[in-house]
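S.K.: Sharing input.pdb (PDB, C-alpha atoms and all ligand atoms) below.
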ATOM      1  CA  MET Q   1    -119.409 177.696  44.477  1.00  0.00           C
ATOM      2  CA  SER Q   2    -122.066 175.093  44.087  1.00  0.00           C
ATOM      3  CA  ALA Q   3    -121.872 171.431  43.293  1.00  0.00           C
ATOM      4  CA  ARG Q   4    -123.896 168.342  44.001  1.00  0.00           C
ATOM      5  CA  GLY Q   5    -123.095 167.083  47.476  1.00  0.00           C
ATOM      6  CA  MET Q   6    -121.409 170.317  48.506  1.00  0.00           C
ATOM      7  CA  VAL Q   7    -122.549 171.915  51.759  1.00  0.00           C
ATOM      8  CA  LYS Q   8    -121.847 175.631  52.076  1.00  0.00           C
ATOM      9  CA  SER Q   9    -121.510 177.105  55.564  1.00  0.00           C
ATOM     10  CA  HIS Q  10    -120.618 180.439  57.082  1.00  0.00           C
ATOM     11  CA  SER Q  11    -118.606 181.344  60.163  1.00  0.00           C
ATOM     12  CA  PRO Q  12    -117.823 184.870  61.366  1.00  0.00           C
ATOM     13  CA  ILE Q  13    -114.405 184.734  59.685  1.00  0.00           C
ATOM     14  CA  MET Q  14    -114.810 182.589  56.592  1.00  0.00           C
ATOM     15  CA  THR Q  15    -117.086 180.826  54.194  1.00  0.00           C
ATOM     16  CA  TYR Q  16    -116.365 177.175  53.820  1.00  0.00           C
ATOM     17  CA  CYS Q  17    -117.710 174.222  51.906  1.00  0.00           C
ATOM     18  CA  ARG Q  18    -117.929 170.593  52.914  1.00  0.00           C
ATOM     19  CA  ILE Q  19    -117.645 168.050  50.124  1.00  0.00           C
ATOM     20  CA  PRO Q  20    -118.365 164.539  51.414  1.00  0.00           C
ATOM     21  CA  VAL Q  21    -116.150 161.843  49.914  1.00  0.00           C
ATOM     22  CA  LYS Q  22    -115.492 158.265  50.968  1.00  0.00           C
ATOM     23  CA  ILE Q  23    -112.007 156.793  51.388  1.00  0.00           C
ATOM     24  CA  ALA Q  24    -111.989 153.218  52.640  1.00  0.00           C
ATOM     25  CA  ASN Q  25    -108.442 152.737  53.788  1.00  0.00           C
ATOM     26  CA  ASP Q  26    -108.133 149.311  52.247  1.00  0.00           C
ATOM     27  CA  SER Q  27    -109.224 150.627  48.845  1.00  0.00           C
ATOM     28  CA  GLU Q  28    -106.612 151.005  46.107  1.00  0.00           C
ATOM     29  CA  THR Q  29    -108.735 153.576  44.275  1.00  0.00           C
ATOM     30  CA  ASP Q  30    -110.818 155.597  46.765  1.00  0.00           C
ATOM     31  CA  ALA Q  31    -108.184 158.255  47.551  1.00  0.00           C
ATOM     32  CA  ALA Q  32    -107.635 159.053  43.884  1.00  0.00           C
ATOM     33  CA  ALA Q  33    -111.390 158.993  43.243  1.00  0.00           C
ATOM     34  CA  ALA Q  34    -111.963 161.374  46.173  1.00  0.00           C
ATOM     35  CA  VAL Q  35    -109.468 163.832  44.684  1.00  0.00           C
ATOM     36  CA  GLU Q  36    -111.217 163.640  41.318  1.00  0.00           C
ATOM     37  CA  ALA Q  37    -114.549 164.296  43.072  1.00  0.00           C
ATOM     38  CA  ILE Q  38    -113.337 167.418  44.861  1.00  0.00           C
ATOM     39  CA  LYS Q  39    -111.685 168.674  41.660  1.00  0.00           C
ATOM     40  CA  ALA Q  40    -114.990 168.172  39.838  1.00  0.00           C
ATOM     41  CA  ALA Q  41    -116.611 170.250  42.604  1.00  0.00           C
ATOM     42  CA  GLY Q  42    -114.263 173.145  41.840  1.00  0.00           C
ATOM     43  CA  VAL Q  43    -111.351 172.601  44.227  1.00  0.00           C
ATOM     44  CA  SER Q  44    -108.048 173.373  42.500  1.00  0.00           C
ATOM     45  CA  SER Q  45    -105.680 173.280  45.481  1.00  0.00           C
ATOM     46  CA  LEU Q  46    -105.446 171.992  49.057  1.00  0.00           C
ATOM     47  CA  ASP Q  47    -103.800 173.858  51.937  1.00  0.00           C
ATOM     48  CA  VAL Q  48    -104.049 171.161  54.608  1.00  0.00           C
ATOM     49  CA  VAL Q  49    -104.534 167.393  54.417  1.00  0.00           C
ATOM     50  CA  ILE Q  50    -104.729 165.263  57.572  1.00  0.00           C
ATOM     51  CA  ALA Q  51    -104.319 161.482  57.403  1.00  0.00           C
ATOM     52  CA  ASN Q  52    -106.129 160.474  60.605  1.00  0.00           C
ATOM     53  CA  PRO Q  53    -107.468 156.932  60.453  1.00  0.00           C
ATOM     54  CA  GLY Q  54    -105.761 154.188  62.359  1.00  0.00           C
ATOM     55  CA  ILE Q  55    -106.383 150.858  64.043  1.00  0.00           C
ATOM     56  CA  ALA Q  56    -104.644 149.662  67.181  1.00  0.00           C
ATOM     57  CA  GLY Q  57    -106.799 146.994  68.757  1.00  0.00           C
ATOM     58  CA  LYS Q  58    -104.712 143.814  68.619  1.00  0.00           C
ATOM     59  CA  PHE Q  59    -101.937 143.119  71.097  1.00  0.00           C
ATOM     60  CA  SER Q  60     -99.388 140.293  70.826  1.00  0.00           C
ATOM     61  CA  ARG Q  61     -95.753 139.518  71.244  1.00  0.00           C
ATOM     62  CA  LEU Q  62     -94.083 139.518  67.799  1.00  0.00           C
ATOM     63  CA  GLU Q  63     -93.883 135.734  67.595  1.00  0.00           C
ATOM     64  CA  ASP Q  64     -97.623 135.445  68.228  1.00  0.00           C
ATOM     65  CA  ILE Q  65     -98.762 137.987  65.642  1.00  0.00           C
ATOM     66  CA  ALA Q  66    -100.934 136.527  62.886  1.00  0.00           C
ATOM     67  CA  MET Q  67     -99.595 137.745  59.536  1.00  0.00           C
ATOM     68  CA  ASN Q  68    -103.110 138.588  58.366  1.00  0.00           C
ATOM     69  CA  ASP Q  69    -103.417 140.991  61.293  1.00  0.00           C
ATOM     70  CA  PHE Q  70     -99.981 142.448  60.571  1.00  0.00           C
ATOM     71  CA  LYS Q  71    -101.026 143.050  56.953  1.00  0.00           C
ATOM     72  CA  GLU Q  72    -104.260 144.702  58.063  1.00  0.00           C
ATOM     73  CA  PHE Q  73    -102.301 147.151  60.236  1.00  0.00           C
ATOM     74  CA  ALA Q  74    -100.042 147.938  57.287  1.00  0.00           C
ATOM     75  CA  GLU Q  75    -103.019 148.399  54.976  1.00  0.00           C
ATOM     76  CA  VAL Q  76    -105.035 150.701  57.216  1.00  0.00           C
ATOM     77  CA  ASN Q  77    -102.264 152.567  59.039  1.00  0.00           C
ATOM     78  CA  THR Q  78     -99.448 152.741  56.465  1.00  0.00           C
ATOM     79  CA  TYR Q  79    -100.576 152.112  52.881  1.00  0.00           C
ATOM     80  CA  SER Q  80    -103.566 154.419  53.341  1.00  0.00           C
ATOM     81  CA  VAL Q  81    -101.230 157.313  54.168  1.00  0.00           C
ATOM     82  CA  MET Q  82     -99.120 156.624  51.070  1.00  0.00           C
ATOM     83  CA  ARG Q  83    -102.178 156.369  48.841  1.00  0.00           C
ATOM     84  CA  LEU Q  84    -103.577 159.623  50.236  1.00  0.00           C
ATOM     85  CA  PHE Q  85    -100.245 161.422  49.863  1.00  0.00           C
ATOM     86  CA  ILE Q  86     -99.883 160.328  46.240  1.00  0.00           C
ATOM     87  CA  ALA Q  87    -103.465 161.325  45.464  1.00  0.00           C
ATOM     88  CA  VAL Q  88    -103.349 164.814  47.020  1.00  0.00           C
ATOM     89  CA  HIS Q  89     -99.756 165.729  46.087  1.00  0.00           C
ATOM     90  CA  PRO Q  90    -100.714 167.708  42.938  1.00  0.00           C
ATOM     91  CA  LEU Q  91    -103.387 169.718  44.784  1.00  0.00           C
ATOM     92  CA  LEU Q  92    -101.005 170.469  47.661  1.00  0.00           C
ATOM     93  CA  LYS Q  93     -98.377 171.612  45.149  1.00  0.00           C
ATOM     94  CA  ALA Q  94    -100.970 173.833  43.522  1.00  0.00           C
ATOM     95  CA  ALA Q  95    -101.436 175.638  46.847  1.00  0.00           C
ATOM     96  CA  THR Q  96     -97.858 176.943  46.688  1.00  0.00           C
ATOM     97  CA  ASP Q  97     -98.736 178.855  43.534  1.00  0.00           C
ATOM     98  CA  LYS Q  98    -101.488 180.667  45.412  1.00  0.00           C
ATOM     99  CA  ASN Q  99    -100.068 181.086  48.896  1.00  0.00           C
ATOM    100  CA  GLY Q 100     -96.324 180.574  48.545  1.00  0.00           C
ATOM    101  CA  PRO Q 101     -93.904 177.803  49.412  1.00  0.00           C
ATOM    102  CA  CYS Q 102     -94.384 175.991  52.708  1.00  0.00           C
ATOM    103  CA  SER Q 103     -98.039 176.976  52.928  1.00  0.00           C
ATOM    104  CA  PRO Q 104     -99.420 173.490  52.133  1.00  0.00           C
ATOM    105  CA  LYS Q 105     -99.352 170.975  54.957  1.00  0.00           C
ATOM    106  CA  PHE Q 106     -99.649 167.190  54.986  1.00  0.00           C
ATOM    107  CA  ILE Q 107    -100.177 165.868  58.501  1.00  0.00           C
ATOM    108  CA  ALA Q 108    -100.358 162.291  59.764  1.00  0.00           C
ATOM    109  CA  ILE Q 109    -101.248 161.032  63.225  1.00  0.00           C
ATOM    110  CA  SER Q 110     -98.506 159.051  64.907  1.00  0.00           C
ATOM    111  CA  THR Q 111     -97.984 157.613  68.360  1.00  0.00           C
ATOM    112  CA  VAL Q 112     -95.392 157.068  71.053  1.00  0.00           C
ATOM    113  CA  ALA Q 113     -95.731 153.366  70.202  1.00  0.00           C
ATOM    114  CA  SER Q 114     -93.885 154.034  66.919  1.00  0.00           C
ATOM    115  CA  ARG Q 115     -90.707 155.347  68.549  1.00  0.00           C
ATOM    116  CA  ILE Q 116     -87.581 153.259  68.055  1.00  0.00           C
ATOM    117  CA  ASN Q 117     -85.519 155.180  70.564  1.00  0.00           C
ATOM    118  CA  LYS Q 118     -86.706 154.478  74.114  1.00  0.00           C
ATOM    119  CA  LEU Q 119     -88.503 151.386  72.794  1.00  0.00           C
ATOM    120  CA  GLU Q 120     -87.788 149.646  76.080  1.00  0.00           C
ATOM    121  CA  GLU Q 121     -90.388 151.892  77.712  1.00  0.00           C
ATOM    122  CA  ASN Q 122     -93.060 150.574  75.313  1.00  0.00           C
ATOM    123  CA  VAL Q 123     -92.183 146.897  75.260  1.00  0.00           C
ATOM    124  CA  PRO Q 124     -94.552 146.023  78.132  1.00  0.00           C
ATOM    125  CA  PHE Q 125     -97.375 147.151  75.852  1.00  0.00           C
ATOM    126  CA  LEU Q 126     -97.744 144.559  73.093  1.00  0.00           C
ATOM    127  CA  LEU Q 127     -97.976 147.051  70.250  1.00  0.00           C
ATOM    128  CA  GLY Q 128     -95.679 145.403  67.692  1.00  0.00           C
ATOM    129  CA  SER Q 129     -98.070 145.537  64.725  1.00  0.00           C
ATOM    130  CA  TYR Q 130     -99.330 149.006  65.557  1.00  0.00           C
ATOM    131  CA  GLY Q 131     -95.879 150.401  66.297  1.00  0.00           C
ATOM    132  CA  ALA Q 132     -94.338 148.981  63.124  1.00  0.00           C
ATOM    133  CA  SER Q 133     -97.140 150.331  60.937  1.00  0.00           C
ATOM    134  CA  LYS Q 134     -96.831 153.797  62.468  1.00  0.00           C
ATOM    135  CA  ALA Q 135     -93.008 153.796  62.396  1.00  0.00           C
ATOM    136  CA  ALA Q 136     -93.306 153.430  58.621  1.00  0.00           C
ATOM    137  CA  VAL Q 137     -95.655 156.426  58.607  1.00  0.00           C
ATOM    138  CA  ASN Q 138     -93.063 158.448  60.533  1.00  0.00           C
ATOM    139  CA  TYR Q 139     -90.512 157.693  57.808  1.00  0.00           C
ATOM    140  CA  ILE Q 140     -92.929 158.511  54.989  1.00  0.00           C
ATOM    141  CA  ILE Q 141     -93.844 161.869  56.518  1.00  0.00           C
ATOM    142  CA  ARG Q 142     -90.240 162.835  57.264  1.00  0.00           C
ATOM    143  CA  ARG Q 143     -89.274 161.834  53.742  1.00  0.00           C
ATOM    144  CA  ALA Q 144     -92.213 163.757  52.243  1.00  0.00           C
ATOM    145  CA  HIS Q 145     -91.052 166.841  54.130  1.00  0.00           C
ATOM    146  CA  ILE Q 146     -87.466 166.571  52.899  1.00  0.00           C
ATOM    147  CA  GLU Q 147     -88.257 165.588  49.299  1.00  0.00           C
ATOM    148  CA  ASN Q 148     -90.679 168.503  48.820  1.00  0.00           C
ATOM    149  CA  ASP Q 149     -89.110 171.792  49.839  1.00  0.00           C
ATOM    150  CA  TRP Q 150     -92.428 173.597  49.262  1.00  0.00           C
ATOM    151  CA  LEU Q 151     -94.347 171.354  51.683  1.00  0.00           C
ATOM    152  CA  GLN Q 152     -94.602 171.163  55.455  1.00  0.00           C
ATOM    153  CA  ALA Q 153     -95.182 167.497  56.239  1.00  0.00           C
ATOM    154  CA  PHE Q 154     -95.296 166.598  59.925  1.00  0.00           C
ATOM    155  CA  LEU Q 155     -96.713 164.271  62.547  1.00  0.00           C
ATOM    156  CA  LEU Q 156     -99.090 164.895  65.415  1.00  0.00           C
ATOM    157  CA  GLU Q 157     -98.691 162.513  68.327  1.00  0.00           C
ATOM    158  CA  PRO Q 158    -101.701 162.436  70.644  1.00  0.00           C
ATOM    159  CA  GLY Q 159    -100.349 159.637  72.798  1.00  0.00           C
TER     160      GLY Q 159
HETATM  161  N1  LIG U 201    -106.608 157.404  70.891  1.00  0.00           N
HETATM  162  C1  LIG U 201    -105.312 157.460  71.231  1.00  0.00           C
HETATM  163  O1  LIG U 201    -104.933 157.375  72.398  1.00  0.00           O
HETATM  164  C2  LIG U 201    -104.261 157.631  70.161  1.00  0.00           C
HETATM  165  C3  LIG U 201    -102.934 157.741  70.540  1.00  0.00           C
HETATM  166  C4  LIG U 201    -101.960 157.912  69.560  1.00  0.00           C
HETATM  167  C5  LIG U 201    -102.318 157.972  68.237  1.00  0.00           C
HETATM  168  N2  LIG U 201    -103.628 157.830  67.870  1.00  0.00           N
HETATM  169  C6  LIG U 201    -103.925 157.879  66.455  1.00  0.00           C
HETATM  170  O2  LIG U 201    -104.900 158.881  66.241  1.00  0.00           O
HETATM  171  C7  LIG U 201    -105.672 158.557  65.068  1.00  0.00           C
HETATM  172  C8  LIG U 201    -107.132 158.594  65.423  1.00  0.00           C
HETATM  173  O3  LIG U 201    -107.365 157.600  66.412  1.00  0.00           O
HETATM  174  P1  LIG U 201    -108.621 157.610  67.399  1.00  0.00           P
HETATM  175  O4  LIG U 201    -108.142 157.218  68.735  1.00  0.00           O
HETATM  176  O5  LIG U 201    -109.392 158.856  67.202  1.00  0.00           O
HETATM  177  O6  LIG U 201    -109.379 156.349  66.849  1.00  0.00           O
HETATM  178  P2  LIG U 201    -110.874 156.121  66.422  1.00  0.00           P
HETATM  179  O7  LIG U 201    -111.803 157.012  67.166  1.00  0.00           O
HETATM  180  O8  LIG U 201    -111.076 154.652  66.466  1.00  0.00           O
HETATM  181  O9  LIG U 201    -110.865 156.611  64.943  1.00  0.00           O
HETATM  182  C9  LIG U 201    -110.202 155.845  64.006  1.00  0.00           C
HETATM  183  C10 LIG U 201    -110.525 156.353  62.638  1.00  0.00           C
HETATM  184  O10 LIG U 201    -109.976 155.391  61.737  1.00  0.00           O
HETATM  185  C11 LIG U 201    -110.973 154.997  60.825  1.00  0.00           C
HETATM  186  N3  LIG U 201    -110.766 153.595  60.489  1.00  0.00           N
HETATM  187  C12 LIG U 201    -110.538 152.581  61.335  1.00  0.00           C
HETATM  188  N4  LIG U 201    -110.413 151.436  60.634  1.00  0.00           N
HETATM  189  C13 LIG U 201    -110.563 151.752  59.333  1.00  0.00           C
HETATM  190  C14 LIG U 201    -110.542 151.024  58.127  1.00  0.00           C
HETATM  191  N5  LIG U 201    -110.321 149.714  58.102  1.00  0.00           N
HETATM  192  N6  LIG U 201    -110.747 151.689  56.976  1.00  0.00           N
HETATM  193  C15 LIG U 201    -110.983 153.006  57.005  1.00  0.00           C
HETATM  194  N7  LIG U 201    -111.005 153.754  58.103  1.00  0.00           N
HETATM  195  C16 LIG U 201    -110.801 153.137  59.257  1.00  0.00           C
HETATM  196  C17 LIG U 201    -112.289 155.249  61.490  1.00  0.00           C
HETATM  197  O11 LIG U 201    -113.230 155.518  60.506  1.00  0.00           O
HETATM  198  P3  LIG U 201    -114.815 155.348  60.807  1.00  0.00           P
HETATM  199  O12 LIG U 201    -115.173 156.399  61.788  1.00  0.00           O
HETATM  200  O13 LIG U 201    -115.401 155.548  59.465  1.00  0.00           O
HETATM  201  O14 LIG U 201    -114.949 153.962  61.349  1.00  0.00           O
HETATM  202  C18 LIG U 201    -112.006 156.472  62.356  1.00  0.00           C
HETATM  203  O15 LIG U 201    -112.212 157.656  61.601  1.00  0.00           O
HETATM  204  C19 LIG U 201    -105.187 157.189  64.610  1.00  0.00           C
HETATM  205  O16 LIG U 201    -104.264 157.335  63.565  1.00  0.00           O
HETATM  206  C20 LIG U 201    -104.521 156.633  65.854  1.00  0.00           C
HETATM  207  O17 LIG U 201    -103.535 155.668  65.524  1.00  0.00           O
HETATM  208  C21 LIG U 201    -104.599 157.670  68.800  1.00  0.00           C
END
Kindly present the structure from the file in structure tokens form.

M.R.:
Amino acid sequence: MSARGMVKSHSPIMTYCRIPVKIANDSETDAAAAVEAIKAAGVSSLDVVIANPGIAGKFSRLEDIAMNDFKEFAEVNTYSVMRLFIAVHPLLKAATDKNGPCSPKFIAISTVASRINKLEENVPFLLGSYGASKAAVNYIIRRAHIENDWLQAFLLEPG
């Protein structure tokens, strides 16, 4: 394959290509545009998509949270995952045709701060905005897994 912006590399076990795209997580259009760009470069399916970005750096009791900050957490941590999922869904589905059901994977990065059970253990850490934004991600990913019987959607929780 060759395309403008595509970097082709070799490892002992596979040949792979890197196609740089930009997705600003507060952009309504970047995720869809990124999918169009990789399709134009010849990609017709995706086996694995990882929604990694997240912000966590503001700490307040709920009553002290500025709503602008709360919205920023939702935008970067939650809406970005939804926008990415919607954008890549057709290419993930296309991977089942090639490799069989349950081969495509959509993965998001969650956190112990999002857990509702055992919340008491987290309350000393003032992670209300972060935890709420990631709890919504947990729901989205669980729901994506159940709604799409051909897809493995799951969370990784580094801490
Ligand atoms: N570190 C931990 O202990 C920990 C624990 C639990 C969960 N997590 C989760 O793990 C994931 C990665 O975190 P990390 O610790 O590796 O953090 P990090 O090094 O700060 O990386 C955060 C990533 O988010 C992107 N990002 C931040 N704000 C953004 C914005 N407004 N728009 C677009 N992209 C933005 C950054 O992109 P740029 O590089 O382009 O700035 C970067 O790729 C996050 O989802 C985080 O919530 C981390």

S.K.: Evaluate the PyMOL selection byres (((chain Q and resi 138) around 12) and not hetatm) and record the selected residues as an NGL selection string, following the chain and residue labels used in the document.

M.R.: :Q and (77-78 or 81-82 or 107-116 or 131-137 or 139-145 or 153-157)

S.K.: Taking into account all atoms listed in the file, which residue in the set Q:Leu127, Q:Ser44, Q:Ala32, Q:Lys93 is nearest to ligand LIG 201 (chain U)?

M.R.: Q:Leu127

S.K.: May I have the residues within 10 Å of Lys98 in chain Q as number ranges by chain, using all atoms listed in the file and disregarding those fewer than 4 positions away in the same chain?

M.R.: Q: 45, 47, 93-94, 103

S.K.: Given the file shown, enumerate the residues that the PyMOL selection byres (((chain Q and resi 69) around 12) and not hetatm) captures and present them as an NGL selection string.

M.R.: :Q and (55-60 or 62 or 64-68 or 70-77 or 128-130 or 133)

S.K.: List the spatial neighbours of Glu28 in chain Q as a list of chain:residue names - criterion: any atom at most 10 Å away, only C-alpha atoms, same-chain residues fewer than 2 positions off excluded.

M.R.: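 Here the qualifying residues turn out to be Q:Ile23, Q:Ala24, Q:Asn25, Q:Asp26, Q:Asp30, Q:Ala31, Q:Ala32, Q:Ala33, Q:Glu75, Q:Tyr79, Q:Ser80, Q:Arg83.
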
S.K.: Which is closer to Pro124 in chain Q than all the others in Q:Ser11, Q:Val43, Q:Arg61, Q:Asp149, using all atoms listed in the file?

M.R.: Q:Arg61

S.K.: Between Q:Ala34, Q:Ala41, Q:Ala95, Q:Leu84, single out the one closest to Pro53 in chain Q, counting all atoms listed in the file.

M.R.: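 The shortest atom-to-atom distance to Pro53 in chain Q comes from Q:Leu84.
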
S.K.: For range 24-37 of chain Q, what centre and edge lengths in Å (one decimal) does the axis-aligned box get once 8 Å is added on each side of all its listed atoms, as JSON?

M.R.:
{"center_x": -110.6, "center_y": 156.8, "center_z": 47.6, "size_x": 23.9, "size_y": 31.0, "size_z": 28.5}

S.K.: Would you output range 39-60 of chain Q from that structure, restricted to N, CA and C atoms, as an mmCIF file, in the first residue's frame?

M.R.:
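Just written: result.cif:
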data_model
loop_
_atom_site.group_PDB
_atom_site.id
_atom_site.type_symbol
_atom_site.label_atom_id
_atom_site.label_comp_id
_atom_site.auth_asym_id
_atom_site.auth_seq_id
_atom_site.Cartn_x
_atom_site.Cartn_y
_atom_site.Cartn_z
ATOM 1 N N LYS Q 39 -9.654 5.682 5.345
ATOM 2 C CA LYS Q 39 -10.316 4.959 4.237
ATOM 3 C C LYS Q 39 -9.707 5.370 2.907
ATOM 4 N N ALA Q 40 -9.449 6.679 2.756
ATOM 5 C CA ALA Q 40 -8.838 7.166 1.509
ATOM 6 C C ALA Q 40 -7.449 6.569 1.312
ATOM 7 N N ALA Q 41 -6.787 6.214 2.434
ATOM 8 C CA ALA Q 41 -5.451 5.613 2.355
ATOM 9 C C ALA Q 41 -5.509 4.110 2.115
ATOM 10 N N GLY Q 42 -6.709 3.551 2.007
ATOM 11 C CA GLY Q 42 -6.842 2.141 1.659
ATOM 12 C C GLY Q 42 -7.285 1.227 2.778
ATOM 13 N N VAL Q 43 -7.589 1.785 3.950
ATOM 14 C CA VAL Q 43 -8.022 0.939 5.071
ATOM 15 C C VAL Q 43 -9.522 0.674 4.938
ATOM 16 N N SER Q 44 -9.907 -0.598 4.918
ATOM 17 C CA SER Q 44 -11.321 -0.934 4.757
ATOM 18 C C SER Q 44 -11.925 -1.576 5.996
ATOM 19 N N SER Q 45 -11.094 -1.840 7.014
ATOM 20 C CA SER Q 45 -11.618 -2.387 8.265
ATOM 21 C C SER Q 45 -10.626 -2.085 9.381
ATOM 22 N N LEU Q 46 -11.140 -2.138 10.627
ATOM 23 C CA LEU Q 46 -10.273 -1.930 11.798
ATOM 24 C C LEU Q 46 -10.476 -3.084 12.766
ATOM 25 N N ASP Q 47 -9.383 -3.673 13.230
ATOM 26 C CA ASP Q 47 -9.466 -4.770 14.201
ATOM 27 C C ASP Q 47 -9.506 -4.255 15.634
ATOM 28 N N VAL Q 48 -8.747 -3.210 15.920
ATOM 29 C CA VAL Q 48 -8.649 -2.713 17.294
ATOM 30 C C VAL Q 48 -8.649 -1.191 17.282
ATOM 31 N N VAL Q 49 -9.498 -0.596 18.110
ATOM 32 C CA VAL Q 49 -9.503 0.853 18.308
ATOM 33 C C VAL Q 49 -9.411 1.110 19.807
ATOM 34 N N ILE Q 50 -8.480 1.981 20.199
ATOM 35 C CA ILE Q 50 -8.299 2.309 21.618
ATOM 36 C C ILE Q 50 -8.575 3.794 21.821
ATOM 37 N N ALA Q 51 -9.550 4.095 22.675
ATOM 38 C CA ALA Q 51 -9.851 5.483 23.034
ATOM 39 C C ALA Q 51 -9.066 5.811 24.299
ATOM 40 N N ASN Q 52 -7.924 6.458 24.157
ATOM 41 C CA ASN Q 52 -7.009 6.662 25.288
ATOM 42 C C ASN Q 52 -7.121 8.022 25.972
ATOM 43 N N PRO Q 53 -7.296 9.107 25.251
ATOM 44 C CA PRO Q 53 -7.101 10.404 25.890
ATOM 45 C C PRO Q 53 -7.998 10.646 27.098
ATOM 46 N N GLY Q 54 -7.469 11.407 28.021
ATOM 47 C CA GLY Q 54 -8.251 11.753 29.196
ATOM 48 C C GLY Q 54 -7.579 12.881 29.965
ATOM 49 N N ILE Q 55 -8.387 13.671 30.639
ATOM 50 C CA ILE Q 55 -7.860 14.693 31.545
ATOM 51 C C ILE Q 55 -8.357 14.380 32.953
ATOM 52 N N ALA Q 56 -7.536 14.781 33.934
ATOM 53 C CA ALA Q 56 -7.909 14.468 35.319
ATOM 54 C C ALA Q 56 -7.503 15.562 36.303
ATOM 55 N N GLY Q 57 -6.955 16.641 35.819
ATOM 56 C CA GLY Q 57 -6.167 17.524 36.688
ATOM 57 C C GLY Q 57 -6.884 18.558 37.538
ATOM 58 N N LYS Q 58 -8.185 18.431 37.763
ATOM 59 C CA LYS Q 58 -8.845 19.418 38.621
ATOM 60 C C LYS Q 58 -9.602 18.694 39.721
ATOM 61 N N PHE Q 59 -9.430 19.132 40.944
ATOM 62 C CA PHE Q 59 -9.914 18.396 42.104
ATOM 63 C C PHE Q 59 -10.750 19.320 42.989
ATOM 64 N N SER Q 60 -12.029 18.971 43.153
ATOM 65 C CA SER Q 60 -12.920 19.793 43.992
ATOM 66 C C SER Q 60 -14.004 18.916 44.588
#
